[in-house]
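Shown next: work12.pdb, given as PDB, C-alpha atoms.
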```pdb
ATOM      1  CA  GLU A   1     -24.035 -51.393 -78.014
ATOM      2  CA  ASP A   2     -26.041 -54.628 -77.844
ATOM      3  CA  LYS A   3     -28.153 -55.048 -74.736
ATOM      4  CA  VAL A   4     -30.101 -57.954 -73.207
ATOM      5  CA  VAL A   5     -32.264 -57.512 -70.100
ATOM      6  CA  GLN A   6     -33.885 -60.330 -68.165
ATOM      7  CA  SER A   7     -36.658 -60.129 -65.628
ATOM      8  CA  PRO A   8     -37.361 -60.875 -62.901
ATOM      9  CA  LEU A   9     -33.932 -61.047 -61.265
ATOM     10  CA  SER A  10     -35.137 -63.856 -59.037
ATOM     11  CA  LEU A  11     -38.263 -65.862 -58.445
ATOM     12  CA  VAL A  12     -39.439 -68.278 -55.770
ATOM     13  CA  VAL A  13     -42.317 -70.634 -56.551
ATOM     14  CA  HIS A  14     -43.738 -73.914 -55.284
ATOM     15  CA  GLU A  15     -43.693 -77.212 -57.096
ATOM     16  CA  GLY A  16     -46.483 -77.423 -59.642
ATOM     17  CA  ASP A  17     -46.570 -73.692 -60.342
ATOM     18  CA  THR A  18     -46.125 -72.256 -63.830
ATOM     19  CA  VAL A  19     -43.454 -69.604 -64.333
ATOM     20  CA  THR A  20     -42.698 -67.135 -67.107
ATOM     21  CA  LEU A  21     -39.241 -65.679 -67.534
ATOM     22  CA  ASN A  22     -38.699 -62.606 -69.686
ATOM     23  CA  CYS A  23     -35.914 -61.470 -71.967
ATOM     24  CA  SER A  24     -35.875 -58.205 -73.924
ATOM     25  CA  TYR A  25     -33.114 -57.162 -76.275
ATOM     26  CA  GLU A  26     -31.697 -54.381 -78.376
ATOM     27  CA  VAL A  27     -29.144 -55.623 -80.888
ATOM     28  CA  THR A  28     -28.061 -54.640 -84.342
ATOM     29  CA  ASN A  29     -28.591 -57.295 -86.994
ATOM     30  CA  PHE A  30     -30.313 -59.937 -84.903
ATOM     31  CA  ARG A  31     -29.551 -63.545 -85.786
ATOM     32  CA  SER A  32     -30.839 -65.738 -82.966
ATOM     33  CA  LEU A  33     -31.865 -65.821 -79.322
ATOM     34  CA  LEU A  34     -30.756 -68.617 -77.023
ATOM     35  CA  TRP A  35     -31.876 -69.838 -73.607
ATOM     36  CA  TYR A  36     -29.543 -71.668 -71.226
ATOM     37  CA  LYS A  37     -30.035 -73.302 -67.828
ATOM     38  CA  GLN A  38     -27.209 -73.034 -65.300
ATOM     39  CA  GLU A  39     -27.185 -75.118 -62.164
ATOM     40  CA  LYS A  40     -23.929 -75.435 -60.267
ATOM     41  CA  LYS A  41     -21.711 -75.886 -63.276
ATOM     42  CA  ALA A  42     -21.820 -75.284 -67.035
ATOM     43  CA  PRO A  43     -24.738 -73.460 -68.652
ATOM     44  CA  THR A  44     -26.628 -76.084 -70.646
ATOM     45  CA  PHE A  45     -28.349 -75.209 -73.896
ATOM     46  CA  LEU A  46     -32.164 -75.228 -73.926
ATOM     47  CA  PHE A  47     -33.486 -73.484 -77.043
ATOM     48  CA  MET A  48     -32.453 -71.435 -80.016
ATOM     49  CA  LEU A  49     -35.018 -69.175 -81.689
ATOM     50  CA  THR A  50     -34.481 -67.533 -85.042
ATOM     51  CA  SER A  51     -36.565 -65.732 -87.632
ATOM     52  CA  SER A  52     -37.526 -69.105 -89.073
ATOM     53  CA  GLY A  53     -38.299 -70.720 -85.719
ATOM     54  CA  ILE A  54     -40.040 -68.405 -83.291
ATOM     55  CA  GLU A  55     -41.568 -71.033 -81.030
ATOM     56  CA  LYS A  56     -39.908 -74.043 -79.421
ATOM     57  CA  LYS A  57     -41.158 -76.656 -76.977
ATOM     58  CA  SER A  58     -39.496 -79.436 -75.072
ATOM     59  CA  GLY A  59     -41.496 -81.250 -72.435
ATOM     60  CA  ARG A  60     -42.596 -78.757 -69.787
ATOM     61  CA  LEU A  61     -40.453 -75.955 -71.221
ATOM     62  CA  SER A  62     -41.473 -73.725 -74.081
ATOM     63  CA  SER A  63     -40.263 -70.465 -75.527
ATOM     64  CA  ILE A  64     -41.466 -67.879 -77.991
ATOM     65  CA  LEU A  65     -39.758 -65.028 -79.770
ATOM     66  CA  ASP A  66     -41.453 -61.765 -80.699
ATOM     67  CA  LYS A  67     -39.150 -60.122 -83.246
ATOM     68  CA  LYS A  68     -41.395 -57.121 -83.628
ATOM     69  CA  GLU A  69     -41.456 -56.255 -79.917
ATOM     70  CA  LEU A  70     -37.903 -57.548 -79.348
ATOM     71  CA  PHE A  71     -38.513 -59.973 -76.530
ATOM     72  CA  SER A  72     -38.707 -63.623 -75.691
ATOM     73  CA  ILE A  73     -40.331 -65.594 -72.893
ATOM     74  CA  LEU A  74     -39.450 -68.939 -71.384
ATOM     75  CA  ASN A  75     -42.350 -70.831 -69.828
ATOM     76  CA  ILE A  76     -41.996 -73.701 -67.415
ATOM     77  CA  THR A  77     -45.172 -75.549 -66.474
ATOM     78  CA  ALA A  78     -45.670 -77.906 -63.522
ATOM     79  CA  THR A  79     -42.355 -76.818 -62.013
ATOM     80  CA  GLN A  80     -40.186 -79.304 -60.111
ATOM     81  CA  THR A  81     -37.375 -78.757 -57.618
ATOM     82  CA  GLY A  82     -34.957 -79.826 -60.353
ATOM     83  CA  ASP A  83     -35.918 -76.719 -62.313
ATOM     84  CA  SER A  84     -34.165 -74.578 -59.700
ATOM     85  CA  ALA A  85     -31.348 -72.832 -61.550
ATOM     86  CA  ILE A  86     -30.230 -69.607 -63.152
ATOM     87  CA  TYR A  87     -31.805 -69.160 -66.580
ATOM     88  CA  LEU A  88     -29.729 -67.191 -69.055
ATOM     89  CA  CYS A  89     -30.899 -65.475 -72.211
ATOM     90  CA  ALA A  90     -28.388 -64.574 -74.932
ATOM     91  CA  VAL A  91     -28.634 -62.961 -78.334
ATOM     92  CA  GLU A  92     -26.419 -63.569 -81.351
ATOM     93  CA  SER A  93     -25.999 -60.606 -83.639
ATOM     94  CA  ASN A  94     -24.560 -60.460 -87.107
ATOM     95  CA  ALA A  95     -21.078 -59.966 -85.710
ATOM     96  CA  GLY A  96     -20.145 -63.600 -86.057
ATOM     97  CA  ASN A  97     -21.059 -66.163 -83.429
ATOM     98  CA  MET A  98     -20.671 -63.748 -80.525
ATOM     99  CA  LEU A  99     -23.343 -63.765 -77.845
ATOM    100  CA  THR A 100     -24.546 -60.970 -75.599
ATOM    101  CA  PHE A 101     -25.954 -62.332 -72.349
ATOM    102  CA  GLY A 102     -28.559 -60.963 -70.006
ATOM    103  CA  GLY A 103     -27.963 -60.944 -66.263
ATOM    104  CA  GLY A 104     -29.996 -64.102 -65.721
ATOM    105  CA  THR A 105     -33.071 -65.026 -63.671
ATOM    106  CA  ARG A 106     -32.532 -67.110 -60.558
ATOM    107  CA  LEU A 107     -35.453 -69.525 -60.102
ATOM    108  CA  MET A 108     -36.004 -71.426 -56.892
ATOM    109  CA  VAL A 109     -38.699 -74.088 -56.766
ATOM    110  CA  LYS A 110     -39.723 -75.116 -53.271
ATOM    111  CA  PRO A 111     -41.206 -78.542 -52.497
TER     112      PRO A 111
ATOM    113  CA  ASP B   1     -22.367 -85.203 -76.637
ATOM    114  CA  VAL B   2     -20.154 -82.170 -76.854
ATOM    115  CA  LYS B   3     -17.457 -82.131 -74.229
ATOM    116  CA  VAL B   4     -15.733 -78.908 -73.211
ATOM    117  CA  THR B   5     -13.184 -79.502 -70.485
ATOM    118  CA  GLN B   6     -11.582 -76.830 -68.347
ATOM    119  CA  SER B   7      -8.398 -77.848 -66.594
ATOM    120  CA  SER B   8      -9.282 -76.706 -63.058
ATOM    121  CA  ARG B   9     -12.530 -76.261 -61.162
ATOM    122  CA  TYR B  10     -10.941 -74.114 -58.459
ATOM    123  CA  LEU B  11      -7.717 -72.140 -58.517
ATOM    124  CA  VAL B  12      -6.090 -69.809 -55.996
ATOM    125  CA  LYS B  13      -3.260 -67.539 -57.102
ATOM    126  CA  ARG B  14      -1.426 -64.507 -55.773
ATOM    127  CA  THR B  15      -1.410 -60.943 -57.085
ATOM    128  CA  GLY B  16       1.181 -60.471 -59.818
ATOM    129  CA  GLU B  17       1.379 -64.143 -60.810
ATOM    130  CA  LYS B  18       0.971 -65.236 -64.416
ATOM    131  CA  VAL B  19      -2.072 -67.516 -64.595
ATOM    132  CA  PHE B  20      -3.002 -69.996 -67.317
ATOM    133  CA  LEU B  21      -6.537 -71.349 -67.756
ATOM    134  CA  GLU B  22      -6.857 -74.193 -70.223
ATOM    135  CA  CYS B  23      -9.855 -75.323 -72.250
ATOM    136  CA  VAL B  24     -10.166 -78.331 -74.555
ATOM    137  CA  GLN B  25     -13.122 -79.342 -76.756
ATOM    138  CA  ASP B  26     -13.578 -82.683 -78.477
ATOM    139  CA  MET B  27     -16.073 -81.789 -81.236
ATOM    140  CA  ASP B  28     -13.804 -80.206 -83.833
ATOM    141  CA  HIS B  29     -15.520 -76.859 -83.286
ATOM    142  CA  GLU B  30     -14.188 -73.861 -85.192
ATOM    143  CA  ASN B  31     -15.098 -71.234 -82.622
ATOM    144  CA  MET B  32     -13.950 -70.959 -79.034
ATOM    145  CA  PHE B  33     -14.713 -68.337 -76.409
ATOM    146  CA  TRP B  34     -13.664 -67.186 -72.956
ATOM    147  CA  TYR B  35     -16.161 -65.467 -70.624
ATOM    148  CA  ARG B  36     -16.112 -64.314 -67.057
ATOM    149  CA  GLN B  37     -19.231 -64.490 -64.920
ATOM    150  CA  ASP B  38     -19.802 -62.124 -62.004
ATOM    151  CA  PRO B  39     -22.914 -61.675 -59.844
ATOM    152  CA  GLY B  40     -25.152 -58.967 -61.245
ATOM    153  CA  LEU B  41     -23.072 -58.611 -64.411
ATOM    154  CA  GLY B  42     -23.858 -61.885 -66.173
ATOM    155  CA  LEU B  43     -21.427 -63.421 -68.660
ATOM    156  CA  ARG B  44     -19.044 -61.054 -70.374
ATOM    157  CA  LEU B  45     -16.907 -62.002 -73.346
ATOM    158  CA  ILE B  46     -13.151 -61.663 -72.867
ATOM    159  CA  TYR B  47     -11.688 -63.112 -76.076
ATOM    160  CA  PHE B  48     -12.732 -65.439 -78.847
ATOM    161  CA  SER B  49     -11.176 -67.335 -81.719
ATOM    162  CA  TYR B  50     -12.550 -68.470 -85.073
ATOM    163  CA  ASP B  51      -9.525 -70.510 -86.101
ATOM    164  CA  VAL B  52      -6.112 -71.710 -85.038
ATOM    165  CA  LYS B  53      -3.716 -68.846 -84.272
ATOM    166  CA  MET B  54      -6.551 -66.382 -84.693
ATOM    167  CA  LYS B  55      -7.969 -64.274 -81.844
ATOM    168  CA  GLU B  56     -10.336 -61.377 -81.429
ATOM    169  CA  LYS B  57     -10.999 -59.122 -78.456
ATOM    170  CA  GLY B  58     -14.336 -59.326 -76.766
ATOM    171  CA  ASP B  59     -15.927 -56.759 -74.477
ATOM    172  CA  ILE B  60     -13.407 -56.874 -71.605
ATOM    173  CA  PRO B  61      -9.964 -57.970 -72.900
ATOM    174  CA  GLU B  62      -7.842 -55.711 -70.675
ATOM    175  CA  GLY B  63      -5.434 -57.673 -68.511
ATOM    176  CA  TYR B  64      -5.922 -60.883 -70.484
ATOM    177  CA  SER B  65      -4.407 -62.593 -73.498
ATOM    178  CA  VAL B  66      -5.189 -65.876 -75.260
ATOM    179  CA  SER B  67      -3.478 -68.580 -77.252
ATOM    180  CA  ARG B  68      -4.847 -71.042 -79.771
ATOM    181  CA  GLU B  69      -2.064 -73.206 -81.168
ATOM    182  CA  LYS B  70      -4.314 -76.217 -81.868
ATOM    183  CA  LYS B  71      -7.928 -76.300 -82.964
ATOM    184  CA  GLU B  72      -9.148 -78.134 -79.872
ATOM    185  CA  ARG B  73      -7.356 -76.019 -77.264
ATOM    186  CA  PHE B  74      -7.899 -72.391 -76.222
ATOM    187  CA  SER B  75      -5.914 -70.915 -73.361
ATOM    188  CA  LEU B  76      -6.648 -67.780 -71.338
ATOM    189  CA  ILE B  77      -3.677 -66.011 -69.801
ATOM    190  CA  LEU B  78      -3.714 -63.479 -67.000
ATOM    191  CA  GLU B  79      -0.406 -61.729 -67.544
ATOM    192  CA  SER B  80      -0.157 -60.280 -64.016
ATOM    193  CA  ALA B  81      -3.094 -61.348 -61.892
ATOM    194  CA  SER B  82      -4.949 -58.727 -59.882
ATOM    195  CA  THR B  83      -7.657 -59.061 -57.229
ATOM    196  CA  ASN B  84     -10.314 -57.664 -59.570
ATOM    197  CA  GLN B  85      -9.802 -60.721 -61.766
ATOM    198  CA  THR B  86     -11.271 -62.955 -59.082
ATOM    199  CA  SER B  87     -14.226 -64.491 -60.891
ATOM    200  CA  MET B  88     -15.790 -67.564 -62.501
ATOM    201  CA  TYR B  89     -14.247 -68.184 -65.923
ATOM    202  CA  LEU B  90     -16.217 -70.107 -68.531
ATOM    203  CA  CYS B  91     -14.968 -71.511 -71.816
ATOM    204  CA  ALA B  92     -17.319 -72.299 -74.703
ATOM    205  CA  SER B  93     -17.111 -73.669 -78.234
ATOM    206  CA  SER B  94     -19.382 -73.898 -81.272
ATOM    207  CA  PHE B  95     -19.446 -74.854 -84.941
ATOM    208  CA  GLY B  96     -20.323 -71.324 -86.011
ATOM    209  CA  SER B  97     -23.175 -68.929 -86.582
ATOM    210  CA  TYR B  98     -26.692 -70.158 -85.843
ATOM    211  CA  GLN B  99     -25.169 -72.900 -83.715
ATOM    212  CA  PRO B 100     -25.374 -72.923 -79.919
ATOM    213  CA  GLN B 101     -22.255 -72.467 -77.847
ATOM    214  CA  HIS B 102     -21.458 -75.325 -75.465
ATOM    215  CA  PHE B 103     -19.850 -74.523 -72.149
ATOM    216  CA  GLY B 104     -17.312 -76.089 -69.851
ATOM    217  CA  ASP B 105     -17.949 -76.414 -66.107
ATOM    218  CA  GLY B 106     -16.015 -73.262 -65.323
ATOM    219  CA  THR B 107     -12.954 -72.368 -63.253
ATOM    220  CA  ARG B 108     -13.523 -70.419 -60.069
ATOM    221  CA  LEU B 109     -10.392 -68.301 -59.762
ATOM    222  CA  SER B 110      -9.436 -66.429 -56.604
ATOM    223  CA  ILE B 111      -6.612 -63.914 -56.652
ATOM    224  CA  LEU B 112      -5.268 -63.112 -53.188
TER     225      LEU B 112
END
```
Now that the file is in, can you turn its structure into structure tokens?
Amino acid sequence: EDKVVQSPLSLVVHEGDTVTLNCSYEVTNFRSLLWYKQEKKAPTFLFMLTSSGIEKKSGRLSSILDKKELFSILNITATQTGDSAIYLCAVESNAGNMLTFGGGTRLMVKP
Amino acid sequence: DVKVTQSSRYLVKRTGEKVFLECVQDMDHENMFWYRQDPGLGLRLIYFSYDVKMKEKGDIPEGYSVSREKKERFSLILESASTNQTSMYLCASSFGSYQPQHFGDGTRLSIL
């Protein structure tokens, strides 16, 4: 059975801090790993990492994939209150476009 | 921008009722999905569909069914609602493998 574990469960930081969110996985026939941000509504897509793209960066957010050790991290530098959200990690295996999600990390950024 | 629209943001129903949750996407996506999201359990896949009139069970299909009569629309049906089906329901769609799924805003369903 595919498994995705995120840590920490929750995190409270102050504006300007740097945070690192973790995602480890055990899946058969890995295809890709995705990060989503969920505020009050729909999860919004952040990054997709595959064997051919193991590092992604967008503004203050960046992510890397370690296929050997089976984990990924999401880094957020110079955090802002607008970064407060649940961050979801999901893995796509070879069984079509199905995703297995981790439990999420709840990030709160205080002013 | 991809738009996935779920028919209701909040819904309250009674035990035993038949409940329909509707989802429409406007990007001609092949794949559509229904998840439920519960605290501590994350998102769990209920059903998915790769094509019109096609459906596959996900991880927790018991008590649910789905319908996909048109490519853009994917319906989730609770045949006889029970209190343990109180949850946030999320619909998603995608073009296919190696493509991200895009989510609707969710329906928070309460079964009394």
Using only C-alpha atoms, the residue out of A:Lys3, A:Leu9, A:Leu34, A:Lys57 with shortest distance to Arg44 (chain B) is A:Lys3
Requested in this report: Please return, as number ranges by chain, all residues of chain B lying within 10 Å of chain A when all atoms listed in the file are considered.
Outcome: B: 4, 9, 31-33, 37-45, 48, 50, 58-59, 90-107
Evaluated on this file, the PyMOL selection byres ((chain A and resi 23) around 8) picks out some residues - which ones are they, written as JSON, numbers by chain? {"A": [4, 5, 6, 7, 21, 22, 24, 25, 71, 72, 73, 89, 102]}
Next item on the list: Decode the PyMOL selection byres ((chain B and resi 26) around 8) for the given file into explicit residues and return them as a VMD selection string.
Entry: chain B and resid 2 to 4 24 to 25 27 to 29 72
- Using CA of Glu79 (chain B) and CA of Gly16 (chain B) as the two end points, give the distance in Å to one decimal.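 According to the coordinates, CA of Glu79 (chain B) and CA of Gly16 (chain B) are separated by 8.0 Å.
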Here CA of Ser84 (chain A) and CA of Asp66 (chain A) stand apart by 25.7 Å
- Given the file shown, determine the residues that the PyMOL selection byres ((chain A and resi 76-78) around 12) selects; report them as an MDAnalysis selection string. chainID A and resid 13:22 37 46 57:63 73:75 79:84 87 107 109 111
Protein and nucleic acid residues near (-4.7, -61.2, -62.7) (cut-off 10 Å, all atoms listed in the file) as a PyMOL selection string:
chain B and resi 13-19+63-64+77-86+109-112
Next, dump the selected residues to file, keeping only C-alpha atoms, as an mmCIF file, in the frame of the given file.
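See out_14.cif below for the written result:
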```cif
data_model
loop_
_atom_site.group_PDB
_atom_site.id
_atom_site.type_symbol
_atom_site.label_atom_id
_atom_site.label_comp_id
_atom_site.auth_asym_id
_atom_site.auth_seq_id
_atom_site.Cartn_x
_atom_site.Cartn_y
_atom_site.Cartn_z
ATOM 1 C CA LYS B 13 -3.260 -67.539 -57.102
ATOM 2 C CA ARG B 14 -1.426 -64.507 -55.773
ATOM 3 C CA THR B 15 -1.410 -60.943 -57.085
ATOM 4 C CA GLY B 16 1.181 -60.471 -59.818
ATOM 5 C CA GLU B 17 1.379 -64.143 -60.810
ATOM 6 C CA LYS B 18 0.971 -65.236 -64.416
ATOM 7 C CA VAL B 19 -2.072 -67.516 -64.595
ATOM 8 C CA GLY B 63 -5.434 -57.673 -68.511
ATOM 9 C CA TYR B 64 -5.922 -60.883 -70.484
ATOM 10 C CA ILE B 77 -3.677 -66.011 -69.801
ATOM 11 C CA LEU B 78 -3.714 -63.479 -67.000
ATOM 12 C CA GLU B 79 -0.406 -61.729 -67.544
ATOM 13 C CA SER B 80 -0.157 -60.280 -64.016
ATOM 14 C CA ALA B 81 -3.094 -61.348 -61.892
ATOM 15 C CA SER B 82 -4.949 -58.727 -59.882
ATOM 16 C CA THR B 83 -7.657 -59.061 -57.229
ATOM 17 C CA ASN B 84 -10.314 -57.664 -59.570
ATOM 18 C CA GLN B 85 -9.802 -60.721 -61.766
ATOM 19 C CA THR B 86 -11.271 -62.955 -59.082
ATOM 20 C CA LEU B 109 -10.392 -68.301 -59.762
ATOM 21 C CA SER B 110 -9.436 -66.429 -56.604
ATOM 22 C CA ILE B 111 -6.612 -63.914 -56.652
ATOM 23 C CA LEU B 112 -5.268 -63.112 -53.188
#
```
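In terms of minimum interatomic distance to Arg73 (chain B), B:Asp51 ranks closest within B:Tyr10, B:Lys57, B:Asp51, B:Ile46, counting all atoms listed in the file.
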Pairwise distance, CA of Thr5 (chain B) with CA of Pro61 (chain B), equals 21.9 Å
| task | For Ser75 (chain B), please output as a ChimeraX atom specification all residues within 7 Å (counting all atoms listed in the file; exclusion window: fewer than 5 positions along the same chain). | result | /B:20-23,66-68
Completed region 54-71 of chain B (N, CA, C and O atoms) as a PDB file, in the coordinates of the input:
```
ATOM      1  N   MET B  54      -5.757 -67.578 -84.480  1.00  0.00           N
ATOM      2  CA  MET B  54      -6.551 -66.382 -84.693  1.00  0.00           C
ATOM      3  C   MET B  54      -7.246 -66.013 -83.382  1.00  0.00           C
ATOM      4  O   MET B  54      -7.706 -66.882 -82.644  1.00  0.00           O
ATOM      5  N   LYS B  55      -7.289 -64.710 -83.061  1.00  0.00           N
ATOM      6  CA  LYS B  55      -7.969 -64.274 -81.844  1.00  0.00           C
ATOM      7  C   LYS B  55      -8.576 -62.903 -82.074  1.00  0.00           C
ATOM      8  O   LYS B  55      -8.074 -62.100 -82.867  1.00  0.00           O
ATOM      9  N   GLU B  56      -9.656 -62.670 -81.356  1.00  0.00           N
ATOM     10  CA  GLU B  56     -10.336 -61.377 -81.429  1.00  0.00           C
ATOM     11  C   GLU B  56     -10.701 -60.934 -80.016  1.00  0.00           C
ATOM     12  O   GLU B  56     -11.087 -61.763 -79.197  1.00  0.00           O
ATOM     13  N   LYS B  57     -10.624 -59.643 -79.765  1.00  0.00           N
ATOM     14  CA  LYS B  57     -10.999 -59.122 -78.456  1.00  0.00           C
ATOM     15  C   LYS B  57     -12.511 -59.117 -78.309  1.00  0.00           C
ATOM     16  O   LYS B  57     -13.238 -58.833 -79.265  1.00  0.00           O
ATOM     17  N   GLY B  58     -12.935 -59.433 -77.099  1.00  0.00           N
ATOM     18  CA  GLY B  58     -14.336 -59.326 -76.766  1.00  0.00           C
ATOM     19  C   GLY B  58     -14.619 -57.990 -76.100  1.00  0.00           C
ATOM     20  O   GLY B  58     -14.003 -56.979 -76.422  1.00  0.00           O
ATOM     21  N   ASP B  59     -15.515 -58.009 -75.120  1.00  0.00           N
ATOM     22  CA  ASP B  59     -15.927 -56.759 -74.477  1.00  0.00           C
ATOM     23  C   ASP B  59     -14.973 -56.299 -73.378  1.00  0.00           C
ATOM     24  O   ASP B  59     -14.889 -55.107 -73.096  1.00  0.00           O
ATOM     25  N   ILE B  60     -14.269 -57.237 -72.750  1.00  0.00           N
ATOM     26  CA  ILE B  60     -13.407 -56.874 -71.605  1.00  0.00           C
ATOM     27  C   ILE B  60     -12.044 -57.556 -71.703  1.00  0.00           C
ATOM     28  O   ILE B  60     -11.668 -58.344 -70.848  1.00  0.00           O
ATOM     29  N   PRO B  61     -11.232 -57.257 -72.713  1.00  0.00           N
ATOM     30  CA  PRO B  61      -9.964 -57.970 -72.900  1.00  0.00           C
ATOM     31  C   PRO B  61      -8.804 -57.477 -72.034  1.00  0.00           C
ATOM     32  O   PRO B  61      -7.777 -58.148 -71.933  1.00  0.00           O
ATOM     33  N   GLU B  62      -8.972 -56.322 -71.389  1.00  0.00           N
ATOM     34  CA  GLU B  62      -7.842 -55.711 -70.675  1.00  0.00           C
ATOM     35  C   GLU B  62      -7.347 -56.623 -69.555  1.00  0.00           C
ATOM     36  O   GLU B  62      -8.125 -57.095 -68.732  1.00  0.00           O
ATOM     37  N   GLY B  63      -6.045 -56.844 -69.547  1.00  0.00           N
ATOM     38  CA  GLY B  63      -5.434 -57.673 -68.511  1.00  0.00           C
ATOM     39  C   GLY B  63      -5.366 -59.146 -68.857  1.00  0.00           C
ATOM     40  O   GLY B  63      -4.842 -59.950 -68.083  1.00  0.00           O
ATOM     41  N   TYR B  64      -5.894 -59.491 -70.043  1.00  0.00           N
ATOM     42  CA  TYR B  64      -5.922 -60.883 -70.484  1.00  0.00           C
ATOM     43  C   TYR B  64      -5.266 -61.030 -71.856  1.00  0.00           C
ATOM     44  O   TYR B  64      -5.217 -60.084 -72.631  1.00  0.00           O
ATOM     45  N   SER B  65      -4.793 -62.226 -72.143  1.00  0.00           N
ATOM     46  CA  SER B  65      -4.407 -62.593 -73.498  1.00  0.00           C
ATOM     47  C   SER B  65      -4.838 -64.042 -73.721  1.00  0.00           C
ATOM     48  O   SER B  65      -5.262 -64.711 -72.772  1.00  0.00           O
ATOM     49  N   VAL B  66      -4.772 -64.511 -74.951  1.00  0.00           N
ATOM     50  CA  VAL B  66      -5.189 -65.876 -75.260  1.00  0.00           C
ATOM     51  C   VAL B  66      -4.202 -66.507 -76.232  1.00  0.00           C
ATOM     52  O   VAL B  66      -3.407 -65.833 -76.870  1.00  0.00           O
ATOM     53  N   SER B  67      -4.308 -67.829 -76.327  1.00  0.00           N
ATOM     54  CA  SER B  67      -3.478 -68.580 -77.252  1.00  0.00           C
ATOM     55  C   SER B  67      -4.280 -69.735 -77.827  1.00  0.00           C
ATOM     56  O   SER B  67      -4.952 -70.447 -77.077  1.00  0.00           O
ATOM     57  N   ARG B  68      -4.206 -69.883 -79.153  1.00  0.00           N
ATOM     58  CA  ARG B  68      -4.847 -71.042 -79.771  1.00  0.00           C
ATOM     59  C   ARG B  68      -3.868 -71.635 -80.798  1.00  0.00           C
ATOM     60  O   ARG B  68      -3.883 -71.289 -81.964  1.00  0.00           O
ATOM     61  N   GLU B  69      -3.066 -72.552 -80.320  1.00  0.00           N
ATOM     62  CA  GLU B  69      -2.064 -73.206 -81.168  1.00  0.00           C
ATOM     63  C   GLU B  69      -2.631 -74.440 -81.864  1.00  0.00           C
ATOM     64  O   GLU B  69      -2.147 -74.852 -82.923  1.00  0.00           O
ATOM     65  N   LYS B  70      -3.651 -75.053 -81.262  1.00  0.00           N
ATOM     66  CA  LYS B  70      -4.314 -76.217 -81.868  1.00  0.00           C
ATOM     67  C   LYS B  70      -5.814 -75.966 -81.857  1.00  0.00           C
ATOM     68  O   LYS B  70      -6.332 -75.246 -81.000  1.00  0.00           O
ATOM     69  N   LYS B  71      -6.508 -76.571 -82.792  1.00  0.00           N
ATOM     70  CA  LYS B  71      -7.928 -76.300 -82.964  1.00  0.00           C
ATOM     71  C   LYS B  71      -8.726 -76.627 -81.705  1.00  0.00           C
ATOM     72  O   LYS B  71      -9.677 -75.934 -81.358  1.00  0.00           O
TER      73      LYS B  71
END
```
